[in-house]
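Have a look at protein18.cif below; it lists mmCIF, C-alpha atoms and all ligand atoms.
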data_target
#
loop_
_atom_site.group_PDB
_atom_site.id
_atom_site.type_symbol
_atom_site.label_atom_id
_atom_site.label_comp_id
_atom_site.auth_asym_id
_atom_site.auth_seq_id
_atom_site.Cartn_x
_atom_site.Cartn_y
_atom_site.Cartn_z
ATOM 1 C CA MET A 256 67.530 38.962 53.279
ATOM 2 C CA ASN A 257 65.956 42.020 51.565
ATOM 3 C CA SER A 258 64.397 44.933 53.469
ATOM 4 C CA SER A 259 60.820 43.624 53.123
ATOM 5 C CA GLU A 260 61.787 40.212 54.527
ATOM 6 C CA LYS A 261 63.641 41.879 57.413
ATOM 7 C CA ASN A 262 60.580 44.023 58.085
ATOM 8 C CA THR A 263 58.242 41.006 58.162
ATOM 9 C CA LEU A 264 60.531 39.133 60.528
ATOM 10 C CA LYS A 265 60.724 42.129 62.857
ATOM 11 C CA ASN A 266 56.909 42.348 62.896
ATOM 12 C CA GLU A 267 56.518 38.631 63.543
ATOM 13 C CA LYS A 268 58.938 38.701 66.489
ATOM 14 C CA HIS A 269 57.464 41.865 67.951
ATOM 15 C CA TYR A 270 53.818 40.743 67.691
ATOM 16 C CA ASP A 271 54.415 37.142 68.780
ATOM 17 C CA ASN A 272 55.526 38.696 72.043
ATOM 18 C CA VAL A 273 52.575 41.133 72.229
ATOM 19 C CA TYR A 274 49.878 38.545 71.426
ATOM 20 C CA SER A 275 51.229 35.866 73.751
ATOM 21 C CA LYS A 276 49.845 38.111 76.526
ATOM 22 C CA VAL A 277 46.307 38.451 75.101
ATOM 23 C CA ASN A 278 43.504 37.385 77.422
ATOM 24 C CA VAL A 279 40.811 35.863 75.206
ATOM 25 C CA ASN A 280 38.210 36.366 77.957
ATOM 26 C CA ASN A 281 38.432 40.124 77.358
ATOM 27 C CA ILE A 282 37.471 39.617 73.705
ATOM 28 C CA LEU A 283 34.689 37.186 74.636
ATOM 29 C CA SER A 284 33.254 39.715 77.057
ATOM 30 C CA LYS A 285 33.094 42.292 74.217
ATOM 31 C CA LEU A 286 31.189 39.747 72.111
ATOM 32 C CA GLU A 287 28.756 39.057 74.958
ATOM 33 C CA ASN A 288 28.111 42.818 75.216
ATOM 34 C CA LEU A 289 28.422 43.498 71.500
ATOM 35 C CA GLU A 290 26.101 46.507 71.135
ATOM 36 C CA ALA A 291 27.345 48.228 74.304
ATOM 37 C CA PHE A 292 30.979 47.708 73.274
ATOM 38 C CA MET A 293 30.414 48.974 69.727
ATOM 39 C CA ASN A 294 28.315 51.905 70.863
ATOM 40 C CA ASP A 295 31.190 53.100 73.048
ATOM 41 C CA ALA A 296 34.155 52.130 70.821
ATOM 42 C CA THR A 297 32.768 53.537 67.556
ATOM 43 C CA ARG A 298 32.223 56.931 69.204
ATOM 44 C CA THR A 299 35.439 57.117 71.223
ATOM 45 C CA ASP A 300 38.326 54.872 70.141
ATOM 46 C CA THR A 301 40.029 56.149 67.009
ATOM 47 C CA SER A 302 40.557 52.904 65.098
ATOM 48 C CA TRP A 303 36.962 51.826 65.749
ATOM 49 C CA VAL A 304 35.558 55.263 64.898
ATOM 50 C CA GLY A 305 37.542 55.095 61.661
ATOM 51 C CA LEU A 306 36.983 51.537 60.507
ATOM 52 C CA TYR A 307 33.276 51.585 61.382
ATOM 53 C CA HIS A 308 32.601 55.082 59.998
ATOM 54 C CA GLY A 309 29.242 55.066 58.159
ATOM 55 C CA ASP A 310 27.791 52.204 60.189
ATOM 56 C CA PHE A 311 30.052 49.533 58.727
ATOM 57 C CA GLN A 312 28.834 46.992 61.319
ATOM 58 C CA HIS A 313 25.478 46.858 59.584
ATOM 59 C CA GLN A 314 27.030 46.041 56.198
ATOM 60 C CA LEU A 315 28.737 42.859 57.416
ATOM 61 C CA LYS A 316 26.103 40.144 57.613
ATOM 62 C CA GLY A 317 26.681 37.321 55.151
ATOM 63 C CA LYS A 318 29.752 38.980 53.587
ATOM 64 C CA LYS A 319 32.994 37.117 52.928
ATOM 65 C CA ILE A 320 35.606 39.263 54.602
ATOM 66 C CA LEU A 321 39.363 38.888 54.721
ATOM 67 C CA GLU A 322 41.087 40.757 57.518
ATOM 68 C CA LEU A 323 44.807 41.350 56.999
ATOM 69 C CA GLY A 324 46.978 41.906 60.068
ATOM 70 C CA CYS A 325 44.181 40.679 62.345
ATOM 71 C CA GLY A 326 46.437 41.031 65.391
ATOM 72 C CA ASP A 327 44.732 40.200 68.679
ATOM 73 C CA CYS A 328 41.652 39.228 66.589
ATOM 74 C CA THR A 329 39.164 41.478 68.412
ATOM 75 C CA ASN A 330 37.997 42.994 65.139
ATOM 76 C CA ALA A 331 37.805 39.636 63.352
ATOM 77 C CA ALA A 332 35.641 38.360 66.223
ATOM 78 C CA ILE A 333 33.372 41.423 66.159
ATOM 79 C CA MET A 334 32.811 41.106 62.399
ATOM 80 C CA ALA A 335 32.046 37.381 62.795
ATOM 81 C CA ALA A 336 29.627 38.166 65.647
ATOM 82 C CA TYR A 337 27.779 40.494 63.241
ATOM 83 C CA GLY A 338 27.305 37.523 60.903
ATOM 84 C CA ALA A 339 30.220 37.925 58.473
ATOM 85 C CA GLU A 340 32.155 34.936 57.168
ATOM 86 C CA VAL A 341 35.589 36.000 58.354
ATOM 87 C CA TYR A 342 38.974 34.862 57.082
ATOM 88 C CA ALA A 343 41.843 36.348 59.050
ATOM 89 C CA ASN A 344 45.553 36.526 58.364
ATOM 90 C CA ASP A 345 48.497 37.693 60.408
ATOM 91 C CA ILE A 346 52.195 37.003 60.218
ATOM 92 C CA SER A 347 52.045 36.115 63.921
ATOM 93 C CA GLN A 348 50.966 32.525 64.560
ATOM 94 C CA LYS A 349 49.717 33.714 67.971
ATOM 95 C CA SER A 350 46.722 35.216 66.155
ATOM 96 C CA GLY A 351 45.871 31.694 64.969
ATOM 97 C CA ASP A 352 46.004 30.453 68.571
ATOM 98 C CA ILE A 353 43.610 33.227 69.640
ATOM 99 C CA ILE A 354 41.172 32.404 66.830
ATOM 100 C CA LYS A 355 41.146 28.757 67.849
ATOM 101 C CA GLN A 356 40.169 29.742 71.402
ATOM 102 C CA LEU A 357 37.519 32.184 70.142
ATOM 103 C CA ASN A 358 35.927 29.522 67.930
ATOM 104 C CA GLU A 359 35.885 27.090 70.854
ATOM 105 C CA ASN A 360 34.207 29.546 73.195
ATOM 106 C CA TYR A 361 31.737 31.524 71.052
ATOM 107 C CA ASP A 362 28.950 30.279 68.832
ATOM 108 C CA PHE A 363 29.670 32.243 65.638
ATOM 109 C CA GLU A 364 27.256 31.726 62.725
ATOM 110 C CA SER A 365 30.361 30.918 60.758
ATOM 111 C CA GLU A 366 33.662 30.058 62.491
ATOM 112 C CA ILE A 367 36.586 32.398 61.869
ATOM 113 C CA LYS A 368 39.153 30.832 59.524
ATOM 114 C CA PHE A 369 42.814 31.633 60.079
ATOM 115 C CA ILE A 370 45.036 31.975 57.022
ATOM 116 C CA GLU A 371 48.417 31.144 58.390
ATOM 117 C CA GLY A 372 51.731 32.800 57.503
ATOM 118 C CA ASP A 373 52.693 34.963 54.563
ATOM 119 C CA PHE A 374 49.612 36.250 52.706
ATOM 120 C CA LEU A 375 51.657 36.644 49.521
ATOM 121 C CA LYS A 376 52.513 32.957 49.531
ATOM 122 C CA SER A 377 49.006 31.706 50.456
ATOM 123 C CA GLU A 378 46.963 30.063 47.740
ATOM 124 C CA LEU A 379 43.648 31.902 47.790
ATOM 125 C CA THR A 380 40.600 31.669 45.537
ATOM 126 C CA HIS A 381 40.259 34.443 42.949
ATOM 127 C CA ASP A 382 37.107 36.660 42.821
ATOM 128 C CA PHE A 383 36.012 35.326 46.223
ATOM 129 C CA TYR A 384 35.955 38.075 48.884
ATOM 130 C CA ASP A 385 33.410 40.891 49.216
ATOM 131 C CA ILE A 386 35.583 42.980 51.495
ATOM 132 C CA VAL A 387 39.252 43.128 52.519
ATOM 133 C CA VAL A 388 39.829 44.898 55.820
ATOM 134 C CA GLY A 389 42.983 46.158 57.527
ATOM 135 C CA LYS A 390 42.982 47.974 60.847
ATOM 136 C CA ALA A 391 46.306 49.731 61.535
ATOM 137 C CA PHE A 392 47.979 47.235 59.211
ATOM 138 C CA VAL A 393 49.236 48.743 55.937
ATOM 139 C CA HIS A 394 51.652 51.156 57.610
ATOM 140 C CA HIS A 395 53.535 48.012 58.757
ATOM 141 C CA LEU A 396 54.326 47.136 55.131
ATOM 142 C CA THR A 397 57.185 48.467 53.023
ATOM 143 C CA HIS A 398 56.135 50.171 49.774
ATOM 144 C CA GLN A 399 57.179 47.090 47.827
ATOM 145 C CA GLN A 400 55.077 44.840 50.065
ATOM 146 C CA GLU A 401 52.108 47.197 49.821
ATOM 147 C CA ILE A 402 52.158 46.930 46.024
ATOM 148 C CA GLU A 403 52.429 43.139 46.131
ATOM 149 C CA PHE A 404 49.602 42.921 48.681
ATOM 150 C CA THR A 405 47.410 45.254 46.605
ATOM 151 C CA GLU A 406 47.931 43.254 43.410
ATOM 152 C CA LYS A 407 46.955 40.065 45.203
ATOM 153 C CA ILE A 408 43.945 41.763 46.841
ATOM 154 C CA VAL A 409 42.725 42.873 43.392
ATOM 155 C CA SER A 410 42.845 39.251 42.201
ATOM 156 C CA ILE A 411 40.976 37.728 45.188
ATOM 157 C CA LEU A 412 38.252 40.398 45.454
ATOM 158 C CA LYS A 413 34.952 40.031 43.629
ATOM 159 C CA PRO A 414 34.542 42.557 40.766
ATOM 160 C CA ASP A 415 32.370 44.762 43.017
ATOM 161 C CA GLY A 416 34.536 44.093 46.085
ATOM 162 C CA ILE A 417 35.864 46.764 48.411
ATOM 163 C CA VAL A 418 38.929 47.399 50.549
ATOM 164 C CA ARG A 419 38.615 49.201 53.829
ATOM 165 C CA TYR A 420 41.673 50.294 55.802
ATOM 166 C CA PHE A 421 41.979 52.354 58.910
ATOM 167 C CA GLU A 422 45.496 53.810 59.046
ATOM 168 C CA PRO A 423 47.503 56.595 60.700
ATOM 169 C CA ALA A 424 47.895 59.583 58.372
ATOM 170 C CA VAL A 425 50.870 61.886 57.982
ATOM 171 C CA ASN A 426 49.638 64.840 55.928
ATOM 172 C CA ASN A 427 51.324 67.669 57.780
ATOM 173 C CA LYS A 428 55.110 67.767 58.088
ATOM 174 C CA PHE A 429 55.147 70.282 60.951
ATOM 175 C CA LEU A 430 52.689 68.314 63.143
ATOM 176 C CA ASP A 431 54.606 65.138 62.372
ATOM 177 C CA TYR A 432 57.880 66.843 63.369
ATOM 178 C CA LEU A 433 56.300 67.869 66.701
ATOM 179 C CA ARG A 434 55.019 64.310 67.198
ATOM 180 C CA TRP A 435 58.495 62.837 66.891
ATOM 181 C CA LEU A 436 59.885 65.467 69.265
ATOM 182 C CA THR A 437 57.378 64.500 71.957
ATOM 183 C CA PRO A 438 58.330 61.413 73.963
ATOM 184 C CA VAL A 439 55.496 58.968 74.694
ATOM 185 C CA PRO A 440 55.555 55.873 76.931
ATOM 186 C CA GLY A 441 57.826 53.318 75.229
ATOM 187 C CA ARG A 442 59.142 55.793 72.607
ATOM 188 C CA PRO A 443 61.837 58.414 73.348
ATOM 189 C CA SER A 444 61.946 61.824 71.664
ATOM 190 C CA LYS A 445 63.922 62.047 68.416
ATOM 191 C CA ILE A 446 66.309 64.466 70.109
ATOM 192 C CA GLN A 447 67.391 61.734 72.554
ATOM 193 C CA ARG A 448 69.506 60.398 69.705
ATOM 194 C CA LYS A 449 71.049 57.280 71.258
ATOM 195 C CA LYS A 450 67.830 56.104 72.910
ATOM 196 C CA PHE A 451 65.836 56.842 69.743
ATOM 197 C CA LYS A 452 68.276 54.835 67.593
ATOM 198 C CA GLN A 453 67.967 51.893 69.965
ATOM 199 C CA TRP A 454 64.156 52.132 69.968
ATOM 200 C CA LYS A 455 64.094 52.279 66.160
ATOM 201 C CA LEU A 456 66.010 48.971 65.888
ATOM 202 C CA ASN A 457 63.031 47.133 67.388
ATOM 203 C CA ASP A 458 60.263 49.288 65.957
ATOM 204 C CA PRO A 459 57.979 47.239 63.636
ATOM 205 C CA HIS A 460 57.095 50.264 61.440
ATOM 206 C CA PRO A 461 59.135 50.654 58.245
ATOM 207 C CA ASP A 462 59.990 54.161 56.996
ATOM 208 C CA ARG A 463 57.340 54.873 54.381
ATOM 209 C CA ASP A 464 54.837 57.403 53.069
ATOM 210 C CA ASN A 465 51.675 57.369 55.190
ATOM 211 C CA SER A 466 49.997 60.376 53.584
ATOM 212 C CA SER A 467 46.445 60.325 52.223
ATOM 213 C CA LYS A 468 47.973 61.269 48.834
ATOM 214 C CA HIS A 469 50.001 58.065 48.848
ATOM 215 C CA TYR A 470 46.883 55.948 49.428
ATOM 216 C CA GLU A 471 45.059 57.932 46.730
ATOM 217 C CA LYS A 472 47.828 57.054 44.289
ATOM 218 C CA ILE A 473 47.601 53.337 45.101
ATOM 219 C CA GLY A 474 43.792 53.519 44.852
ATOM 220 C CA ASP A 475 43.852 55.301 41.488
ATOM 221 C CA THR A 476 46.235 52.691 40.090
ATOM 222 C CA TYR A 477 44.394 49.563 41.196
ATOM 223 C CA PHE A 478 40.723 50.538 41.738
ATOM 224 C CA HIS A 479 38.006 52.486 39.962
ATOM 225 C CA THR A 480 37.018 54.460 43.079
ATOM 226 C CA THR A 481 38.986 55.753 46.065
ATOM 227 C CA ASN A 482 37.496 57.503 49.054
ATOM 228 C CA ILE A 483 39.507 58.846 51.985
ATOM 229 C CA VAL A 484 37.896 60.101 55.186
ATOM 230 C CA PRO A 485 40.096 62.017 57.631
ATOM 231 C CA ILE A 486 39.659 60.836 61.216
ATOM 232 C CA GLY A 487 41.166 62.553 64.236
ATOM 233 C CA SER A 488 42.041 66.116 63.152
ATOM 234 C CA ILE A 489 40.742 67.540 66.434
ATOM 235 C CA GLU A 490 40.740 64.317 68.437
ATOM 236 C CA ARG A 491 44.547 64.132 68.133
ATOM 237 C CA PHE A 492 44.809 66.998 70.635
ATOM 238 C CA HIS A 493 43.355 64.849 73.443
ATOM 239 C CA ARG A 494 46.962 63.962 74.268
ATOM 240 C CA ILE A 495 47.580 67.387 75.758
ATOM 241 C CA LEU A 496 44.582 67.113 78.113
ATOM 242 C CA PRO A 497 44.512 65.414 81.532
ATOM 243 C CA ARG A 498 43.617 61.728 81.141
ATOM 244 C CA LYS A 499 40.352 62.016 83.055
ATOM 245 C CA HIS A 500 38.894 64.318 80.340
ATOM 246 C CA SER A 501 40.246 62.294 77.439
ATOM 247 C CA ARG A 502 37.292 60.045 76.492
ATOM 248 C CA LYS A 503 34.748 62.848 76.815
ATOM 249 C CA PHE A 504 36.889 65.185 74.706
ATOM 250 C CA ARG A 505 37.443 62.525 72.046
ATOM 251 C CA ARG A 506 33.717 61.885 71.676
ATOM 252 C CA PHE A 507 33.123 65.614 71.304
ATOM 253 C CA ALA A 508 36.047 66.023 68.891
ATOM 254 C CA PHE A 509 34.945 63.227 66.547
ATOM 255 C CA ARG A 510 31.502 64.836 66.211
ATOM 256 C CA PHE A 511 32.900 68.361 65.842
ATOM 257 C CA GLU A 512 35.464 67.384 63.193
ATOM 258 C CA ARG A 513 32.742 66.268 60.789
ATOM 259 C CA LYS A 514 31.511 69.889 60.630
ATOM 260 C CA LEU A 515 34.916 71.209 59.447
ATOM 261 C CA PRO A 516 35.809 71.659 55.772
ATOM 262 C CA ASN A 517 37.370 68.477 54.374
ATOM 263 C CA LEU A 518 40.538 70.291 53.262
ATOM 264 C CA LEU A 519 41.242 71.507 56.796
ATOM 265 C CA ASN A 520 40.409 68.118 58.305
ATOM 266 C CA SER A 521 42.630 66.337 55.856
ATOM 267 C CA SER A 522 45.622 68.646 56.306
ATOM 268 C CA ILE A 523 45.837 68.125 60.065
ATOM 269 C CA THR A 524 44.335 64.685 60.500
ATOM 270 C CA ARG A 525 46.073 62.007 62.557
ATOM 271 C CA SER A 526 44.500 59.068 60.746
ATOM 272 C CA HIS A 527 42.158 58.194 57.932
ATOM 273 C CA LEU A 528 39.701 55.630 56.629
ATOM 274 C CA VAL A 529 40.796 54.476 53.179
ATOM 275 C CA GLU A 530 38.191 52.892 50.913
ATOM 276 C CA TYR A 531 38.985 51.370 47.532
ATOM 277 C CA LYS A 532 36.099 50.094 45.399
ATOM 278 C CA GLN A 533 35.815 48.030 42.216
ATOM 279 C CA PRO A 534 39.239 46.502 41.596
ATOM 280 C CA LYS A 535 40.709 47.043 38.132
ATOM 281 C CA LYS A 536 40.902 43.405 37.069
HETATM 282 C C1 LIG B 1 49.397 47.605 64.746
HETATM 283 S S1 LIG B 1 49.042 45.892 64.589
HETATM 284 C C2 LIG B 1 47.301 45.955 64.315
HETATM 285 C C3 LIG B 1 46.600 44.721 64.750
HETATM 286 C C4 LIG B 1 45.080 44.751 64.669
HETATM 287 N N1 LIG B 1 44.615 44.921 63.314
HETATM 288 C C5 LIG B 1 44.495 45.816 65.568
HETATM 289 O O1 LIG B 1 43.805 46.707 65.076
HETATM 290 O O2 LIG B 1 44.719 45.764 66.770
HETATM 291 C C6 LIG B 1 49.709 45.448 63.014
HETATM 292 C C7 LIG B 1 49.535 43.973 62.680
HETATM 293 O O3 LIG B 1 50.037 43.694 61.364
HETATM 294 C C8 LIG B 1 50.678 42.422 61.399
HETATM 295 N N2 LIG B 1 51.607 42.328 60.265
HETATM 296 C C9 LIG B 1 52.710 43.047 60.028
HETATM 297 N N3 LIG B 1 53.290 42.661 58.869
HETATM 298 C C10 LIG B 1 52.516 41.676 58.359
HETATM 299 C C11 LIG B 1 52.554 40.870 57.191
HETATM 300 N N4 LIG B 1 53.532 41.009 56.289
HETATM 301 N N5 LIG B 1 51.588 39.969 56.972
HETATM 302 C C12 LIG B 1 50.583 39.816 57.879
HETATM 303 N N6 LIG B 1 50.488 40.527 59.020
HETATM 304 C C13 LIG B 1 51.444 41.448 59.255
HETATM 305 C C14 LIG B 1 51.362 42.404 62.749
HETATM 306 O O4 LIG B 1 51.737 41.095 63.147
HETATM 307 C C15 LIG B 1 50.294 43.040 63.617
HETATM 308 O O5 LIG B 1 49.397 42.089 64.107
#
Is it possible to express this structure as structure tokens?
Amino acid sequence: MNSSEKNTLKNEKHYDNVYSKVNVNNILSKLENLEAFMNDATRTDTSWVGLYHGDFQHQLKGKKILELGCGDCTNAAIMAAYGAEVYANDISQKSGDIIKQLNENYDFESEIKFIEGDFLKSELTHDFYDIVVGKAFVHHLTHQQEIEFTEKIVSILKPDGIVRYFEPAVNNKFLDYLRWLTPVPGRPSKIQRKKFKQWKLNDPHPDRDNSSKHYEKIGDTYFHTTNIVPIGSIERFHRILPRKHSRKFRRFAFRFERKLPNLLNSSITRSHLVEYKQPKK
């Protein structure tokens, strides 16, 4: 088995376990309160602030969208509730089970379609999708997988199609070093060598380059336009505040960050929105 296959298997095992605990009622309740949920999440929760930057929810209606690494399927369901025709893929079959329950319990304009198994092996129509979306997905791929995924994405996107990823960013070696030194729930500090080694064995993230420069390089190779928006340069510091102030601080930080020079934002950001436009066919 090569390193990409090992990585996929590790992800499948890890996320089968995570998604077997998903309560679909929680997702349905977000759909029932769509505007209230989005109004809060897109101002406060990093992956939603990032993916929906620039009012993405109002660009969805009628679009054919493929979500890769759809996970617990909350985002696939939200996009479908906004009127998109959503196709969703994940290596975990549990995502397919969740989609089935969502389709049975919510009256989407167009039911969500699950693309089962390995995206690279799926037979998909060329020049078909308007948008390919990934939320916290690409950093789970090895570099080799990322290239293979990108080449396939280029072939299935329409000529004016776009890719939109929200991903963690590692643009600053010193901040990243501090991050690994700091233990968080479920992940020991790198200086606790034995514990860290054990944790790493089950960690579904391959070692790879997660910098904005890396995504720029992929974008320049396969697309005519690449746009990267740093998200979380100030927000990332919410972790050092008491929990009770966290949401308020994050909302403030996301607004404040936009006023900073892009170079500063980018150099210390914790994540980024990656947009690729017009695939080079
Ligand atoms: C961090 S989770 C993000 C899930 C979801 N997008 C979200 O925002 O909550 C990463 C997802 O990528 C999926 N994944 C990892 N490798 C994959 C692959 N090769 N093909 C499809 N999905 C994969 C995992 O199963 C997992 O659901």
Nearest to A:Ile473, chosen from A:Leu433, A:Cys325, A:Ile486, A:Val529, with only C-alpha atoms counted in the distances: A:Val529
Site check for ligand LIG 1 (chain B): residues at most 9 Å away, only C-alpha atoms and all ligand atoms, as a ChimeraX atom specification: /A:259-260,262-271,273-274,302-303,322-331,344-348,350,371-375,388-397,400,404,421,459-460
Selected residue of minimal separation from A:Glu364 among A:Leu528, A:Ile333, A:Val484, A:Ile495, counting all atoms listed in the file: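 Smallest distance to A:Glu364 is found for A:Ile333.
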Which of A:Asn427, A:Tyr342, A:Lys499, A:Asp300 sits closest to A:Asn520 [using only C-alpha atoms]: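 Ranked by minimum distance to A:Asn520, first place goes to A:Asn427.
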Non-local contacts of stretch 406-417 of chain A (12 Å; all atoms listed in the file; under 4 positions in same chain excluded) as a PyMOL selection string: chain A and resi 314+318-323+374-389+399-402+473-474+476-482+529-536
Close residues, A:Arg463 itself excluded, 7 Å, all atoms listed in the file, min 2 positions apart in chain, as a PyMOL selection string: chain A and resi 397-398+461+465
Go ahead and dump the residues you just picked, C-alpha atoms, as a compact mmCIF listing (two decimals), in the frame of the given file.
# COMPACT_ATOMS: atom_id res chain seq x y z
CA THR A 397 57.18 48.47 53.02
CA HIS A 398 56.14 50.17 49.77
CA PRO A 461 59.14 50.65 58.24
CA ASN A 465 51.68 57.37 55.19
Your completed stretch 501-509 of chain A with all heavy atoms, as a PDB file, in the frame of the given file:
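The resulting file, result-v7.pdb, is shown below:
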ATOM      1  N   SER A 501      39.904  62.752  78.785  1.00  0.00           N
ATOM      2  CA  SER A 501      40.246  62.294  77.439  1.00  0.00           C
ATOM      3  C   SER A 501      39.072  61.680  76.670  1.00  0.00           C
ATOM      4  O   SER A 501      38.780  62.094  75.541  1.00  0.00           O
ATOM      5  CB  SER A 501      41.386  61.284  77.543  1.00  0.00           C
ATOM      6  OG  SER A 501      41.586  60.676  76.325  1.00  0.00           O
ATOM      7  N   ARG A 502      38.348  60.734  77.256  1.00  0.00           N
ATOM      8  CA  ARG A 502      37.292  60.045  76.492  1.00  0.00           C
ATOM      9  C   ARG A 502      36.164  61.011  76.117  1.00  0.00           C
ATOM     10  O   ARG A 502      35.639  60.979  75.014  1.00  0.00           O
ATOM     11  CB  ARG A 502      36.757  58.826  77.270  1.00  0.00           C
ATOM     12  CG  ARG A 502      37.781  57.701  77.319  1.00  0.00           C
ATOM     13  CD  ARG A 502      37.246  56.454  77.952  1.00  0.00           C
ATOM     14  NE  ARG A 502      36.395  55.650  77.084  1.00  0.00           N
ATOM     15  CZ  ARG A 502      36.833  54.914  76.059  1.00  0.00           C
ATOM     16  NH1 ARG A 502      38.108  54.888  75.771  1.00  0.00           N
ATOM     17  NH2 ARG A 502      35.994  54.212  75.330  1.00  0.00           N
ATOM     18  N   LYS A 503      35.828  61.891  77.075  1.00  0.00           N
ATOM     19  CA  LYS A 503      34.748  62.848  76.815  1.00  0.00           C
ATOM     20  C   LYS A 503      35.160  63.788  75.669  1.00  0.00           C
ATOM     21  O   LYS A 503      34.384  64.057  74.748  1.00  0.00           O
ATOM     22  CB  LYS A 503      34.478  63.644  78.099  1.00  0.00           C
ATOM     23  CG  LYS A 503      33.158  64.308  78.121  1.00  0.00           C
ATOM     24  CD  LYS A 503      32.843  64.857  79.482  1.00  0.00           C
ATOM     25  CE  LYS A 503      31.661  65.787  79.362  1.00  0.00           C
ATOM     26  NZ  LYS A 503      31.517  66.638  80.526  1.00  0.00           N
ATOM     27  N   PHE A 504      36.414  64.279  75.748  1.00  0.00           N
ATOM     28  CA  PHE A 504      36.889  65.185  74.706  1.00  0.00           C
ATOM     29  C   PHE A 504      36.902  64.496  73.342  1.00  0.00           C
ATOM     30  O   PHE A 504      36.502  65.070  72.326  1.00  0.00           O
ATOM     31  CB  PHE A 504      38.304  65.697  75.032  1.00  0.00           C
ATOM     32  CG  PHE A 504      38.903  66.495  73.900  1.00  0.00           C
ATOM     33  CD1 PHE A 504      38.500  67.807  73.679  1.00  0.00           C
ATOM     34  CD2 PHE A 504      39.827  65.928  73.030  1.00  0.00           C
ATOM     35  CE1 PHE A 504      39.017  68.538  72.607  1.00  0.00           C
ATOM     36  CE2 PHE A 504      40.345  66.651  71.964  1.00  0.00           C
ATOM     37  CZ  PHE A 504      39.943  67.959  71.763  1.00  0.00           C
ATOM     38  N   ARG A 505      37.359  63.234  73.323  1.00  0.00           N
ATOM     39  CA  ARG A 505      37.443  62.525  72.046  1.00  0.00           C
ATOM     40  C   ARG A 505      36.067  62.370  71.407  1.00  0.00           C
ATOM     41  O   ARG A 505      35.905  62.569  70.196  1.00  0.00           O
ATOM     42  CB  ARG A 505      38.115  61.163  72.248  1.00  0.00           C
ATOM     43  CG  ARG A 505      39.621  61.302  72.255  1.00  0.00           C
ATOM     44  CD  ARG A 505      40.280  60.310  73.152  1.00  0.00           C
ATOM     45  NE  ARG A 505      40.283  58.991  72.581  1.00  0.00           N
ATOM     46  CZ  ARG A 505      40.696  57.918  73.255  1.00  0.00           C
ATOM     47  NH1 ARG A 505      41.115  58.045  74.501  1.00  0.00           N
ATOM     48  NH2 ARG A 505      40.698  56.768  72.702  1.00  0.00           N
ATOM     49  N   ARG A 506      35.078  62.053  72.237  1.00  0.00           N
ATOM     50  CA  ARG A 506      33.717  61.885  71.676  1.00  0.00           C
ATOM     51  C   ARG A 506      33.228  63.195  71.061  1.00  0.00           C
ATOM     52  O   ARG A 506      32.661  63.219  69.986  1.00  0.00           O
ATOM     53  CB  ARG A 506      32.752  61.396  72.757  1.00  0.00           C
ATOM     54  CG  ARG A 506      32.847  59.900  72.974  1.00  0.00           C
ATOM     55  CD  ARG A 506      31.609  59.362  73.649  1.00  0.00           C
ATOM     56  NE  ARG A 506      31.555  59.731  75.043  1.00  0.00           N
ATOM     57  CZ  ARG A 506      32.110  59.024  76.024  1.00  0.00           C
ATOM     58  NH1 ARG A 506      32.749  57.903  75.751  1.00  0.00           N
ATOM     59  NH2 ARG A 506      32.019  59.416  77.265  1.00  0.00           N
ATOM     60  N   PHE A 507      33.511  64.304  71.813  1.00  0.00           N
ATOM     61  CA  PHE A 507      33.123  65.614  71.304  1.00  0.00           C
ATOM     62  C   PHE A 507      33.882  65.920  70.001  1.00  0.00           C
ATOM     63  O   PHE A 507      33.300  66.345  69.000  1.00  0.00           O
ATOM     64  CB  PHE A 507      33.423  66.693  72.365  1.00  0.00           C
ATOM     65  CG  PHE A 507      33.587  68.054  71.793  1.00  0.00           C
ATOM     66  CD1 PHE A 507      32.470  68.793  71.402  1.00  0.00           C
ATOM     67  CD2 PHE A 507      34.849  68.602  71.578  1.00  0.00           C
ATOM     68  CE1 PHE A 507      32.621  70.049  70.832  1.00  0.00           C
ATOM     69  CE2 PHE A 507      35.005  69.849  71.005  1.00  0.00           C
ATOM     70  CZ  PHE A 507      33.891  70.575  70.628  1.00  0.00           C
ATOM     71  N   ALA A 508      35.195  65.665  70.024  1.00  0.00           N
ATOM     72  CA  ALA A 508      36.047  66.023  68.891  1.00  0.00           C
ATOM     73  C   ALA A 508      35.633  65.279  67.621  1.00  0.00           C
ATOM     74  O   ALA A 508      35.570  65.872  66.540  1.00  0.00           O
ATOM     75  CB  ALA A 508      37.508  65.728  69.223  1.00  0.00           C
ATOM     76  N   PHE A 509      35.339  63.996  67.740  1.00  0.00           N
ATOM     77  CA  PHE A 509      34.945  63.227  66.547  1.00  0.00           C
ATOM     78  C   PHE A 509      33.668  63.782  65.920  1.00  0.00           C
ATOM     79  O   PHE A 509      33.512  63.774  64.699  1.00  0.00           O
ATOM     80  CB  PHE A 509      34.763  61.744  66.896  1.00  0.00           C
ATOM     81  CG  PHE A 509      36.067  61.001  67.062  1.00  0.00           C
ATOM     82  CD1 PHE A 509      36.302  60.246  68.199  1.00  0.00           C
ATOM     83  CD2 PHE A 509      37.045  61.053  66.086  1.00  0.00           C
ATOM     84  CE1 PHE A 509      37.503  59.558  68.355  1.00  0.00           C
ATOM     85  CE2 PHE A 509      38.246  60.359  66.234  1.00  0.00           C
ATOM     86  CZ  PHE A 509      38.467  59.612  67.373  1.00  0.00           C
TER      87      PHE A 509
END
